[in-house]
$ cat coords.pdb   # PDB, C-alpha atoms
MODEL        1
ATOM      1  CA  MET R   1     125.484  81.730  52.614
ATOM      2  CA  ALA R   2     125.638  78.247  51.094
ATOM      3  CA  ILE R   3     123.716  77.842  47.847
ATOM      4  CA  SER R   4     121.673  74.709  47.133
ATOM      5  CA  LYS R   5     121.560  73.308  43.592
ATOM      6  CA  VAL R   6     120.156  70.273  41.765
ATOM      7  CA  LEU R   7     121.680  68.628  38.688
ATOM      8  CA  LEU R   8     119.731  66.547  36.150
ATOM      9  CA  TYR R   9     121.743  64.594  33.565
ATOM     10  CA  TYR R  10     122.155  61.438  31.515
ATOM     11  CA  ALA R  11     124.484  59.823  28.995
ATOM     12  CA  PHE R  12     124.084  56.883  26.644
ATOM     13  CA  ALA R  13     127.310  54.986  25.975
ATOM     14  CA  PRO R  14     128.578  51.412  26.364
ATOM     15  CA  ILE R  15     129.521  50.803  30.024
ATOM     16  CA  PRO R  16     131.813  47.731  30.248
ATOM     17  CA  ASP R  17     131.636  47.519  34.061
ATOM     18  CA  PRO R  18     128.479  49.172  35.479
ATOM     19  CA  ASP R  19     129.258  48.066  39.017
ATOM     20  CA  ALA R  20     132.625  49.838  38.946
ATOM     21  CA  ILE R  21     130.829  53.032  37.880
ATOM     22  CA  ARG R  22     128.353  52.506  40.723
ATOM     23  CA  LEU R  23     131.123  52.287  43.323
ATOM     24  CA  TRP R  24     132.942  55.301  41.884
ATOM     25  CA  GLN R  25     129.792  57.433  41.786
ATOM     26  CA  ARG R  26     128.745  56.457  45.302
ATOM     27  CA  ASP R  27     132.185  57.287  46.709
ATOM     28  CA  LEU R  28     132.264  60.586  44.803
ATOM     29  CA  CYS R  29     128.822  61.666  46.015
ATOM     30  CA  GLU R  30     129.505  60.637  49.607
ATOM     31  CA  SER R  31     132.793  62.559  49.627
ATOM     32  CA  LEU R  32     130.907  65.694  48.520
ATOM     33  CA  ASN R  33     127.869  65.190  50.794
ATOM     34  CA  LEU R  34     125.504  64.886  47.823
ATOM     35  CA  ARG R  35     122.131  63.145  47.814
ATOM     36  CA  GLY R  36     119.989  61.926  44.947
ATOM     37  CA  ARG R  37     119.286  59.004  42.648
ATOM     38  CA  ILE R  38     121.675  57.543  40.080
ATOM     39  CA  LEU R  39     120.960  54.580  37.798
ATOM     40  CA  ILE R  40     123.619  52.812  35.732
ATOM     41  CA  SER R  41     123.274  50.108  33.096
ATOM     42  CA  ARG R  42     125.448  48.595  30.391
ATOM     43  CA  ASP R  43     123.994  51.247  28.051
ATOM     44  CA  GLY R  44     124.352  54.424  30.084
ATOM     45  CA  PHE R  45     123.942  56.564  33.122
ATOM     46  CA  ASN R  46     121.084  58.695  34.502
ATOM     47  CA  GLY R  47     120.974  60.820  37.612
ATOM     48  CA  THR R  48     119.530  63.644  39.669
ATOM     49  CA  VAL R  49     121.634  64.847  42.584
ATOM     50  CA  GLY R  50     121.483  67.816  44.924
ATOM     51  CA  GLY R  51     123.855  69.610  47.256
ATOM     52  CA  GLU R  52     125.957  72.682  47.904
ATOM     53  CA  LEU R  53     126.957  74.648  44.800
ATOM     54  CA  ASN R  54     130.746  74.243  45.008
ATOM     55  CA  ALA R  55     130.415  70.528  45.763
ATOM     56  CA  MET R  56     128.130  70.176  42.742
ATOM     57  CA  LYS R  57     130.696  71.888  40.524
ATOM     58  CA  ILE R  58     133.335  69.408  41.685
ATOM     59  CA  TYR R  59     130.933  66.530  41.045
ATOM     60  CA  ARG R  60     130.263  67.740  37.501
ATOM     61  CA  ARG R  61     133.973  68.138  36.739
ATOM     62  CA  LYS R  62     134.931  64.753  38.190
ATOM     63  CA  THR R  63     132.110  62.931  36.398
ATOM     64  CA  ARG R  64     133.174  64.407  33.079
ATOM     65  CA  GLU R  65     136.662  62.968  33.561
ATOM     66  CA  TYR R  66     135.257  59.556  32.616
ATOM     67  CA  PRO R  67     135.618  59.536  28.785
ATOM     68  CA  ALA R  68     132.092  58.277  28.033
ATOM     69  CA  PHE R  69     130.606  61.078  30.164
ATOM     70  CA  ARG R  70     132.753  63.930  28.830
ATOM     71  CA  ASP R  71     129.915  65.592  26.893
ATOM     72  CA  ILE R  72     127.074  65.157  29.402
ATOM     73  CA  ASP R  73     124.578  68.011  29.313
ATOM     74  CA  PHE R  74     124.182  68.887  33.004
ATOM     75  CA  LYS R  75     120.988  70.822  33.687
ATOM     76  CA  TRP R  76     121.143  73.115  36.725
ATOM     77  CA  SER R  77     118.200  74.222  38.835
ATOM     78  CA  GLU R  78     117.640  75.868  42.212
ATOM     79  CA  GLY R  79     117.424  73.545  45.201
ATOM     80  CA  SER R  80     115.140  73.965  48.206
ATOM     81  CA  GLY R  81     118.012  74.406  50.646
ATOM     82  CA  LEU R  82     120.499  72.484  52.782
ATOM     83  CA  ASP R  83     120.121  70.845  56.186
ATOM     84  CA  GLU R  84     122.445  71.403  59.157
ATOM     85  CA  SER R  85     124.970  68.936  57.716
ATOM     86  CA  GLY R  86     125.002  70.767  54.376
ATOM     87  CA  ALA R  87     123.082  68.032  52.544
ATOM     88  CA  SER R  88     120.258  68.703  50.080
ATOM     89  CA  LEU R  89     116.720  68.992  51.428
ATOM     90  CA  ASP R  90     115.361  67.790  48.073
ATOM     91  CA  PHE R  91     116.470  64.172  48.542
ATOM     92  CA  PRO R  92     116.138  61.977  51.653
ATOM     93  CA  ARG R  93     119.232  59.913  50.858
ATOM     94  CA  LEU R  94     121.755  58.865  48.224
ATOM     95  CA  SER R  95     120.816  55.909  46.007
ATOM     96  CA  VAL R  96     123.214  54.557  43.362
ATOM     97  CA  LYS R  97     122.081  51.358  41.621
ATOM     98  CA  VAL R  98     122.803  49.150  38.616
ATOM     99  CA  ARG R  99     119.795  48.168  36.509
ATOM    100  CA  ASP R 100     119.176  46.369  33.204
ATOM    101  CA  GLU R 101     117.878  49.689  31.807
ATOM    102  CA  VAL R 102     118.461  53.282  32.842
ATOM    103  CA  VAL R 103     114.805  53.852  31.896
ATOM    104  CA  SER R 104     112.575  50.826  32.441
ATOM    105  CA  PHE R 105     110.804  50.400  29.115
ATOM    106  CA  GLY R 106     111.053  46.640  29.590
ATOM    107  CA  VAL R 107     112.985  45.988  26.374
ATOM    108  CA  PRO R 108     116.711  46.043  27.275
ATOM    109  CA  ASP R 109     117.635  43.996  24.207
ATOM    110  CA  GLU R 110     115.961  46.548  21.926
ATOM    111  CA  VAL R 111     118.247  49.387  23.022
ATOM    112  CA  GLU R 112     121.419  49.808  20.993
ATOM    113  CA  VAL R 113     124.097  52.343  21.876
ATOM    114  CA  ASP R 114     127.570  53.233  20.722
ATOM    115  CA  ALA R 115     130.026  55.978  21.627
ATOM    116  CA  GLY R 116     127.683  58.481  19.932
ATOM    117  CA  GLY R 117     124.648  57.521  22.021
ATOM    118  CA  VAL R 118     121.421  55.727  21.108
ATOM    119  CA  ILE R 119     121.518  54.147  17.652
ATOM    120  CA  GLY R 120     118.536  54.914  15.426
ATOM    121  CA  GLY R 121     116.955  57.597  17.582
ATOM    122  CA  GLY R 122     115.039  60.629  16.382
ATOM    123  CA  GLU R 123     116.652  63.819  15.157
ATOM    124  CA  HIS R 124     117.491  66.176  18.015
ATOM    125  CA  LEU R 125     115.814  69.584  17.925
ATOM    126  CA  LYS R 126     117.080  72.461  20.014
ATOM    127  CA  PRO R 127     114.300  74.769  21.270
ATOM    128  CA  GLU R 128     114.823  77.316  18.489
ATOM    129  CA  GLU R 129     114.927  74.517  15.897
ATOM    130  CA  LEU R 130     111.575  73.271  17.166
ATOM    131  CA  HIS R 131     110.154  76.736  16.512
ATOM    132  CA  GLU R 132     111.618  76.667  12.999
ATOM    133  CA  LEU R 133     109.895  73.321  12.386
ATOM    134  CA  MET R 134     106.616  74.697  13.719
ATOM    135  CA  ASP R 135     106.925  77.785  11.512
ATOM    136  CA  ALA R 136     107.521  75.589   8.456
ATOM    137  CA  ARG R 137     105.093  72.720   9.117
ATOM    138  CA  GLY R 138     102.523  74.142  11.547
ATOM    139  CA  ASP R 139      99.555  71.886  12.188
ATOM    140  CA  GLU R 140     101.326  68.903  10.623
ATOM    141  CA  VAL R 141     103.609  68.606  13.661
ATOM    142  CA  VAL R 142     102.511  66.261  16.446
ATOM    143  CA  PHE R 143     103.897  66.583  19.966
ATOM    144  CA  PHE R 144     104.129  63.144  21.615
ATOM    145  CA  ASP R 145     104.515  63.053  25.388
ATOM    146  CA  GLY R 146     107.113  60.530  26.545
ATOM    147  CA  ARG R 147     106.205  60.715  30.230
ATOM    148  CA  ASN R 148     103.682  59.051  32.503
ATOM    149  CA  ALA R 149     100.164  60.387  32.027
ATOM    150  CA  TRP R 150      99.979  61.877  35.541
ATOM    151  CA  GLU R 151     102.972  64.101  34.754
ATOM    152  CA  ALA R 152     101.172  65.560  31.739
ATOM    153  CA  ARG R 153      98.172  66.569  33.843
ATOM    154  CA  ILE R 154      99.999  69.631  35.186
ATOM    155  CA  GLY R 155     101.965  70.520  32.056
ATOM    156  CA  HIS R 156     102.440  69.515  28.426
ATOM    157  CA  PHE R 157     103.101  70.917  24.971
ATOM    158  CA  ALA R 158     100.137  72.458  23.195
ATOM    159  CA  ASN R 159      97.783  69.882  21.630
ATOM    160  CA  ALA R 160     100.132  67.029  22.558
ATOM    161  CA  VAL R 161      99.281  63.356  22.225
ATOM    162  CA  ILE R 162      99.373  62.027  25.785
ATOM    163  CA  PRO R 163      99.495  58.210  25.931
ATOM    164  CA  ASP R 164      97.524  56.578  28.740
ATOM    165  CA  VAL R 165     100.520  55.112  30.564
ATOM    166  CA  ARG R 166     101.336  54.819  34.271
ATOM    167  CA  THR R 167     104.942  53.641  33.823
ATOM    168  CA  SER R 168     107.530  53.651  31.044
ATOM    169  CA  LYS R 169     106.953  49.924  30.515
ATOM    170  CA  ASP R 170     103.426  50.699  29.285
ATOM    171  CA  PHE R 171     104.752  52.551  26.224
ATOM    172  CA  ILE R 172     105.657  49.401  24.291
ATOM    173  CA  ALA R 173     102.117  48.021  24.465
ATOM    174  CA  GLU R 174     100.779  51.466  23.540
ATOM    175  CA  LEU R 175     102.982  51.723  20.463
ATOM    176  CA  ASP R 176     102.190  48.138  19.414
ATOM    177  CA  SER R 177      98.430  48.618  19.891
ATOM    178  CA  GLY R 178      97.977  50.396  16.561
ATOM    179  CA  LYS R 179      96.203  53.413  18.087
ATOM    180  CA  TYR R 180      98.956  55.758  16.862
ATOM    181  CA  ASP R 181      99.426  54.297  13.378
ATOM    182  CA  ALA R 182      97.856  57.397  11.821
ATOM    183  CA  LEU R 183     100.888  59.374  13.048
ATOM    184  CA  LYS R 184     103.453  57.223  11.269
ATOM    185  CA  ASP R 185     103.689  59.554   8.264
ATOM    186  CA  LYS R 186     103.571  62.794  10.261
ATOM    187  CA  PRO R 187     106.415  64.780  11.825
ATOM    188  CA  VAL R 188     106.364  63.625  15.465
ATOM    189  CA  VAL R 189     108.266  65.472  18.190
ATOM    190  CA  THR R 190     108.808  63.367  21.304
ATOM    191  CA  TYR R 191     109.543  65.114  24.577
ATOM    192  CA  CYS R 192     110.125  64.339  28.262
ATOM    193  CA  THR R 193     111.570  66.025  31.350
ATOM    194  CA  GLY R 194     115.283  66.093  30.564
ATOM    195  CA  GLY R 195     115.567  64.188  27.295
ATOM    196  CA  ILE R 196     116.416  60.635  28.326
ATOM    197  CA  ARG R 197     112.995  58.996  27.969
ATOM    198  CA  CYS R 198     112.249  60.558  24.580
ATOM    199  CA  GLU R 199     115.730  59.590  23.362
ATOM    200  CA  LEU R 200     114.798  55.950  23.831
ATOM    201  CA  LEU R 201     111.158  56.379  22.840
ATOM    202  CA  SER R 202     112.056  57.992  19.522
ATOM    203  CA  ALA R 203     114.236  54.987  18.614
ATOM    204  CA  MET R 204     111.435  52.581  19.510
ATOM    205  CA  MET R 205     108.982  54.563  17.419
ATOM    206  CA  LYS R 206     111.280  54.507  14.395
ATOM    207  CA  LYS R 207     111.674  50.741  14.731
ATOM    208  CA  ARG R 208     107.882  50.501  14.589
ATOM    209  CA  GLY R 209     107.503  52.420  11.351
ATOM    210  CA  PHE R 210     107.201  56.077  12.399
ATOM    211  CA  SER R 211     108.949  57.765   9.518
ATOM    212  CA  GLU R 212     109.757  61.286  10.748
ATOM    213  CA  VAL R 213     110.601  61.358  14.443
ATOM    214  CA  TYR R 214     112.281  64.162  16.368
ATOM    215  CA  GLN R 215     113.188  64.551  20.018
ATOM    216  CA  MET R 216     113.309  67.686  22.129
ATOM    217  CA  ASP R 217     117.019  68.136  22.805
ATOM    218  CA  GLY R 218     117.495  68.599  26.556
ATOM    219  CA  GLY R 219     113.823  67.893  27.141
ATOM    220  CA  ILE R 220     111.253  70.222  28.622
ATOM    221  CA  VAL R 221     113.882  71.682  30.956
ATOM    222  CA  ARG R 222     115.981  73.160  28.157
ATOM    223  CA  TYR R 223     112.890  74.378  26.294
ATOM    224  CA  GLY R 224     111.482  76.034  29.405
ATOM    225  CA  GLU R 225     114.798  77.741  30.133
ATOM    226  CA  LYS R 226     114.701  79.231  26.640
ATOM    227  CA  TYR R 227     111.065  80.280  26.298
ATOM    228  CA  GLY R 228     109.539  80.260  29.791
ATOM    229  CA  ASN R 229     105.759  80.615  29.557
ATOM    230  CA  ASP R 230     105.906  82.193  26.085
ATOM    231  CA  GLY R 231     106.368  79.147  23.834
ATOM    232  CA  TYR R 232     104.462  75.952  23.076
ATOM    233  CA  TRP R 233     104.927  74.562  26.592
ATOM    234  CA  GLN R 234     101.951  75.045  28.888
ATOM    235  CA  GLY R 235     101.716  74.674  32.654
ATOM    236  CA  SER R 236     104.185  73.282  35.191
ATOM    237  CA  LEU R 237     106.780  70.513  35.079
ATOM    238  CA  ALA R 238     106.556  67.475  37.374
ATOM    239  CA  ILE R 239     109.969  66.525  38.761
ATOM    240  CA  PHE R 240     111.222  63.596  40.820
ATOM    241  CA  ASP R 241     112.601  65.129  43.997
ATOM    242  CA  GLY R 242     111.306  66.942  47.047
ATOM    243  CA  ARG R 243     110.406  70.057  45.060
ATOM    244  CA  GLU R 244     107.720  68.062  43.171
ATOM    245  CA  VAL R 245     107.048  70.818  40.594
ATOM    246  CA  MET R 246     109.142  73.260  38.560
ATOM    247  CA  ASP R 247     107.940  76.401  36.783
ATOM    248  CA  PHE R 248     109.717  78.415  34.082
ATOM    249  CA  GLY R 249     108.124  81.782  34.716
ATOM    250  CA  ILE R 250     105.771  83.701  36.959
ATOM    251  CA  ASN R 251     102.118  82.612  37.021
ATOM    252  CA  PRO R 252     102.228  79.629  34.661
ATOM    253  CA  LYS R 253      98.945  78.409  33.228
ATOM    254  CA  VAL R 254      97.170  75.971  35.576
ATOM    255  CA  LEU R 255      95.895  73.064  33.480
ATOM    256  CA  SER R 256      94.244  70.742  35.967
ATOM    257  CA  THR R 257      92.104  70.556  39.080
ATOM    258  CA  CYS R 258      92.211  68.986  42.521
ATOM    259  CA  ASP R 259      91.063  65.362  42.509
ATOM    260  CA  SER R 260      89.160  66.002  45.735
ATOM    261  CA  CYS R 261      87.347  69.339  45.343
ATOM    262  CA  GLY R 262      87.835  70.331  41.690
ATOM    263  CA  MET R 263      89.660  73.598  42.350
ATOM    264  CA  PRO R 264      92.459  74.562  39.911
ATOM    265  CA  THR R 265      95.866  73.302  41.106
ATOM    266  CA  ALA R 266      99.225  71.988  39.951
ATOM    267  CA  ARG R 267     100.091  70.583  43.390
ATOM    268  CA  LEU R 268     100.982  66.879  43.316
ATOM    269  CA  ALA R 269     100.348  64.358  46.089
ATOM    270  CA  ASN R 270     100.369  60.626  46.708
ATOM    271  CA  CYS R 271      97.159  58.727  47.376
ATOM    272  CA  THR R 272      96.506  58.606  51.127
ATOM    273  CA  GLU R 273      96.550  54.790  50.992
ATOM    274  CA  PRO R 274     100.230  53.992  51.798
ATOM    275  CA  ALA R 275     100.336  50.939  49.528
ATOM    276  CA  CYS R 276      98.896  52.856  46.552
ATOM    277  CA  ARG R 277     101.462  54.415  44.214
ATOM    278  CA  LYS R 278      99.081  56.647  42.255
ATOM    279  CA  ARG R 279     100.073  60.283  41.863
ATOM    280  CA  LEU R 280      97.164  62.690  42.208
ATOM    281  CA  LEU R 281      96.431  66.412  42.266
ATOM    282  CA  CYS R 282      95.539  68.002  45.581
ATOM    283  CA  CYS R 283      95.093  71.687  46.383
ATOM    284  CA  GLN R 284      96.486  73.155  49.624
ATOM    285  CA  GLU R 285      93.023  73.514  51.101
ATOM    286  CA  CYS R 286      92.330  69.784  50.806
ATOM    287  CA  GLU R 287      95.826  68.798  52.072
ATOM    288  CA  SER R 288      95.343  65.116  51.136
ATOM    289  CA  VAL R 289      93.485  63.085  48.534
ATOM    290  CA  SER R 290      92.647  59.458  47.749
ATOM    291  CA  CYS R 291      92.324  57.806  44.349
ATOM    292  CA  ARG R 292      88.836  56.704  43.298
ATOM    293  CA  GLU R 293      89.442  53.088  44.274
ATOM    294  CA  HIS R 294      90.558  53.888  47.813
ATOM    295  CA  SER R 295      87.953  56.631  48.225
ATOM    296  CA  ARG R 296      85.290  53.992  47.607
ATOM    297  CA  GLU R 297      86.966  51.650  50.123
ATOM    298  CA  SER R 298      86.957  54.411  52.759
ATOM    299  CA  THR R 299      83.264  55.056  52.110
ATOM    300  CA  ARG R 300      82.408  51.348  52.534
ATOM    301  CA  LYS R 301      84.297  51.215  55.817
TER     302      LYS R 301
ENDMDL
END
$ encode --input "coords.pdb" --output "structure tokens"
Amino acid sequence: MAISKVLLYYAFAPIPDPDAIRLWQRDLCESLNLRGRILISRDGFNGTVGGELNAMKIYRRKTREYPAFRDIDFKWSEGSGLDESGASLDFPRLSVKVRDEVVSFGVPDEVEVDAGGVIGGGEHLKPEELHELMDARGDEVVFFDGRNAWEARIGHFANAVIPDVRTSKDFIAELDSGKYDALKDKPVVTYCTGGIRCELLSAMMKKRGFSEVYQMDGGIVRYGEKYGNDGYWQGSLAIFDGREVMDFGINPKVLSTCDSCGMPTARLANCTEPACRKRLLCCQECESVSCREHSRESTRK
């Protein structure tokens, strides 16, 4: 029986010809019947792809043949299955694009990379090293969520600072607002899904005067693989494919409630208004949910 897998990965390195990498990656994925999303910029490479296990192994090996991608940390997870053609059910299509930034913080000129990755970023902490820091510094340590606020609703690190942002571009205004200046002399641990957003965020924080900044090496995914539901992570992880949510153990803590009826849930859904891009929480009983703005519009109609 064919096994379905999903790979999450990124690399920061100078890319002299992003469009050549785009063509190579598209051809490679198409030859292996893989689907997913890949973004390439002059500073790096970020992707999530899904497909049959052996095809995914070939993809990983071939991608690592490019010198700048040799040390990519590929994160494996279980896929939802394969369709009749053998393609992943977790992605509707293959998308490979070149962008100014692999993560859209809106400051491409502020990002500096070399062969070693992002210049001036925070110190990487492996999951066990995070626990050593917590044992040594305890309540001094501040977890800083590097994701969109809706992602943190279903899961986050204990007592984390969760910025009120809807997109990555909102982080710059948040950091420049002064509301986090009291954290500039504290040990701050940034985290995100797989590590790419907090890699950039930690560098931006250091440029703005945060003196002791760390980043969760491998992101929440690597931490969850190590500690499951027994560490500082609480709840479920929002992911960007057809699976929607990932858990690291049986019966994770449910942190939030349905936006329609108030029942506990970690089930994500889009607003019922097609043009609205808000991500909401909706239990199975409610099936669908509208944001406050479009709920009011429906009532008026």
$ resolve_selection --input "coords.pdb" --expression "the PyMOL selection byres ((chain R and resi 142) around 8)" --output "ChimeraX atom specification"
/R:139-141,143-144,159-161,183,186-189
$ atom_distance --input "coords.pdb" --atom1 "atom CA of Asp135 of chain R" --atom2 "atom CA of Gly231 of chain R"
12.4 Å
$ residues_near_point --input "coords.pdb" --point "(99.9, 55.5, 28.7)" --cutoff "12 Å" --atoms "only C-alpha atoms" --output "MDAnalysis selection string"
chainID R and resid 144:152 161:175 177 179:180
$ resolve_selection --input "coords.pdb" --expression "the PyMOL selection byres ((chain R and resi 95-112) around 6)" --output "list in words"
Arg37, Ile38, Leu39, Ile40, Ser41, Leu94, Val113, Val118, Ile119, Ser168 and Lys169 of chain R
$ residues_around --input "coords.pdb" --residues "Gly235 of chain R" --least-positions-apart "4" --cutoff "6 Å" --atoms "all atoms listed in the file" --output "PyMOL selection string"
chain R and resi 154-155+252-254
$ atom_distance --input "coords.pdb" --atom1 "atom CA of Ser31 of chain R" --atom2 "atom CA of Ile58 of chain R"
10.5 Å
$ atom_distance --input "coords.pdb" --atom1 "atom CA of Gln284 of chain R" --atom2 "atom CA of Arg153 of chain R"
17.2 Å
$ resolve_selection --input "coords.pdb" --expression "the PyMOL selection byres ((chain R and resi 202) around 12)" --output "number ranges by chain"
R: 111, 118-124, 143-146, 171-172, 175, 184, 187-192, 195-201, 203-217
$ write_last_selection --input "coords.pdb" --atoms "C-alpha atoms" --output "PDB file, keeping the file's coordinate frame"
ATOM      1  CA  VAL R 111     118.247  49.387  23.022  1.00  0.00           C
ATOM      2  CA  VAL R 118     121.421  55.727  21.108  1.00  0.00           C
ATOM      3  CA  ILE R 119     121.518  54.147  17.652  1.00  0.00           C
ATOM      4  CA  GLY R 120     118.536  54.914  15.426  1.00  0.00           C
ATOM      5  CA  GLY R 121     116.955  57.597  17.582  1.00  0.00           C
ATOM      6  CA  GLY R 122     115.039  60.629  16.382  1.00  0.00           C
ATOM      7  CA  GLU R 123     116.652  63.819  15.157  1.00  0.00           C
ATOM      8  CA  HIS R 124     117.491  66.176  18.015  1.00  0.00           C
ATOM      9  CA  PHE R 143     103.897  66.583  19.966  1.00  0.00           C
ATOM     10  CA  PHE R 144     104.129  63.144  21.615  1.00  0.00           C
ATOM     11  CA  ASP R 145     104.515  63.053  25.388  1.00  0.00           C
ATOM     12  CA  GLY R 146     107.113  60.530  26.545  1.00  0.00           C
ATOM     13  CA  PHE R 171     104.752  52.551  26.224  1.00  0.00           C
ATOM     14  CA  ILE R 172     105.657  49.401  24.291  1.00  0.00           C
ATOM     15  CA  LEU R 175     102.982  51.723  20.463  1.00  0.00           C
ATOM     16  CA  LYS R 184     103.453  57.223  11.269  1.00  0.00           C
ATOM     17  CA  PRO R 187     106.415  64.780  11.825  1.00  0.00           C
ATOM     18  CA  VAL R 188     106.364  63.625  15.465  1.00  0.00           C
ATOM     19  CA  VAL R 189     108.266  65.472  18.190  1.00  0.00           C
ATOM     20  CA  THR R 190     108.808  63.367  21.304  1.00  0.00           C
ATOM     21  CA  TYR R 191     109.543  65.114  24.577  1.00  0.00           C
ATOM     22  CA  CYS R 192     110.125  64.339  28.262  1.00  0.00           C
ATOM     23  CA  GLY R 195     115.567  64.188  27.295  1.00  0.00           C
ATOM     24  CA  ILE R 196     116.416  60.635  28.326  1.00  0.00           C
ATOM     25  CA  ARG R 197     112.995  58.996  27.969  1.00  0.00           C
ATOM     26  CA  CYS R 198     112.249  60.558  24.580  1.00  0.00           C
ATOM     27  CA  GLU R 199     115.730  59.590  23.362  1.00  0.00           C
ATOM     28  CA  LEU R 200     114.798  55.950  23.831  1.00  0.00           C
ATOM     29  CA  LEU R 201     111.158  56.379  22.840  1.00  0.00           C
ATOM     30  CA  ALA R 203     114.236  54.987  18.614  1.00  0.00           C
ATOM     31  CA  MET R 204     111.435  52.581  19.510  1.00  0.00           C
ATOM     32  CA  MET R 205     108.982  54.563  17.419  1.00  0.00           C
ATOM     33  CA  LYS R 206     111.280  54.507  14.395  1.00  0.00           C
ATOM     34  CA  LYS R 207     111.674  50.741  14.731  1.00  0.00           C
ATOM     35  CA  ARG R 208     107.882  50.501  14.589  1.00  0.00           C
ATOM     36  CA  GLY R 209     107.503  52.420  11.351  1.00  0.00           C
ATOM     37  CA  PHE R 210     107.201  56.077  12.399  1.00  0.00           C
ATOM     38  CA  SER R 211     108.949  57.765   9.518  1.00  0.00           C
ATOM     39  CA  GLU R 212     109.757  61.286  10.748  1.00  0.00           C
ATOM     40  CA  VAL R 213     110.601  61.358  14.443  1.00  0.00           C
ATOM     41  CA  TYR R 214     112.281  64.162  16.368  1.00  0.00           C
ATOM     42  CA  GLN R 215     113.188  64.551  20.018  1.00  0.00           C
ATOM     43  CA  MET R 216     113.309  67.686  22.129  1.00  0.00           C
ATOM     44  CA  ASP R 217     117.019  68.136  22.805  1.00  0.00           C
TER      45      ASP R 217
END
$ closest_residue --input "coords.pdb" --among "R:Cys29, R:Ala13, R:Ala269, R:Ala2" --to "Lys62 of chain R" --atoms "all atoms listed in the file"
R:Cys29
$ closest_residue --input "coords.pdb" --among "R:Arg35, R:Asn270, R:Val6, R:Gly44" --to "Pro18 of chain R" --atoms "only C-alpha atoms"
R:Gly44
$ residues_around --input "coords.pdb" --residues "Glu78 of chain R" --least-positions-apart "2" --cutoff "8 Å" --atoms "all atoms listed in the file" --output "number ranges by chain"
R: 4-6, 76, 80
$ axis_aligned_box --input "coords.pdb" --around "segment 181-197 of chain R" --padding-each-side "4 Å" --output "lines of an AutoDock Vina configuration file"
center_x = 107.1
center_y = 60.2
center_z = 19.8
size_x = 26.6
size_y = 19.8
size_z = 31.1
$ residues_near_point --input "coords.pdb" --point "(125.5, 71.7, 54.3)" --cutoff "8 Å" --atoms "only C-alpha atoms" --output "count of residues only"
11
$ residues_around --input "coords.pdb" --residues "Trp233 of chain R" --least-positions-apart "4" --cutoff "7 Å" --atoms "all atoms listed in the file" --output "VMD selection string"
chain R and resid 156 to 158 229
$ closest_residue --input "coords.pdb" --among "R:Lys226, R:Arg42, R:Arg60, R:Arg267" --to "Asp17 of chain R" --atoms "all atoms listed in the file"
R:Arg42
$ residues_around --input "coords.pdb" --residues "Cys282 of chain R" --least-positions-apart "5" --cutoff "7 Å" --atoms "only C-alpha atoms" --output "short mmCIF file (atom, residue, chain, number, x, y, z; two decimals) with C-alpha atoms, keeping the file's coordinate frame"
data_model
loop_
_atom_site.label_atom_id
_atom_site.label_comp_id
_atom_site.auth_asym_id
_atom_site.auth_seq_id
_atom_site.Cartn_x
_atom_site.Cartn_y
_atom_site.Cartn_z
CA CYS R 258 92.21 68.99 42.52
CA ASP R 259 91.06 65.36 42.51
CA SER R 260 89.16 66.00 45.74
CA THR R 265 95.87 73.30 41.11
CA ARG R 267 100.09 70.58 43.39
CA LEU R 268 100.98 66.88 43.32
CA ALA R 269 100.35 64.36 46.09
CA GLU R 287 95.83 68.80 52.07
CA SER R 288 95.34 65.12 51.14
CA VAL R 289 93.48 63.08 48.53
#
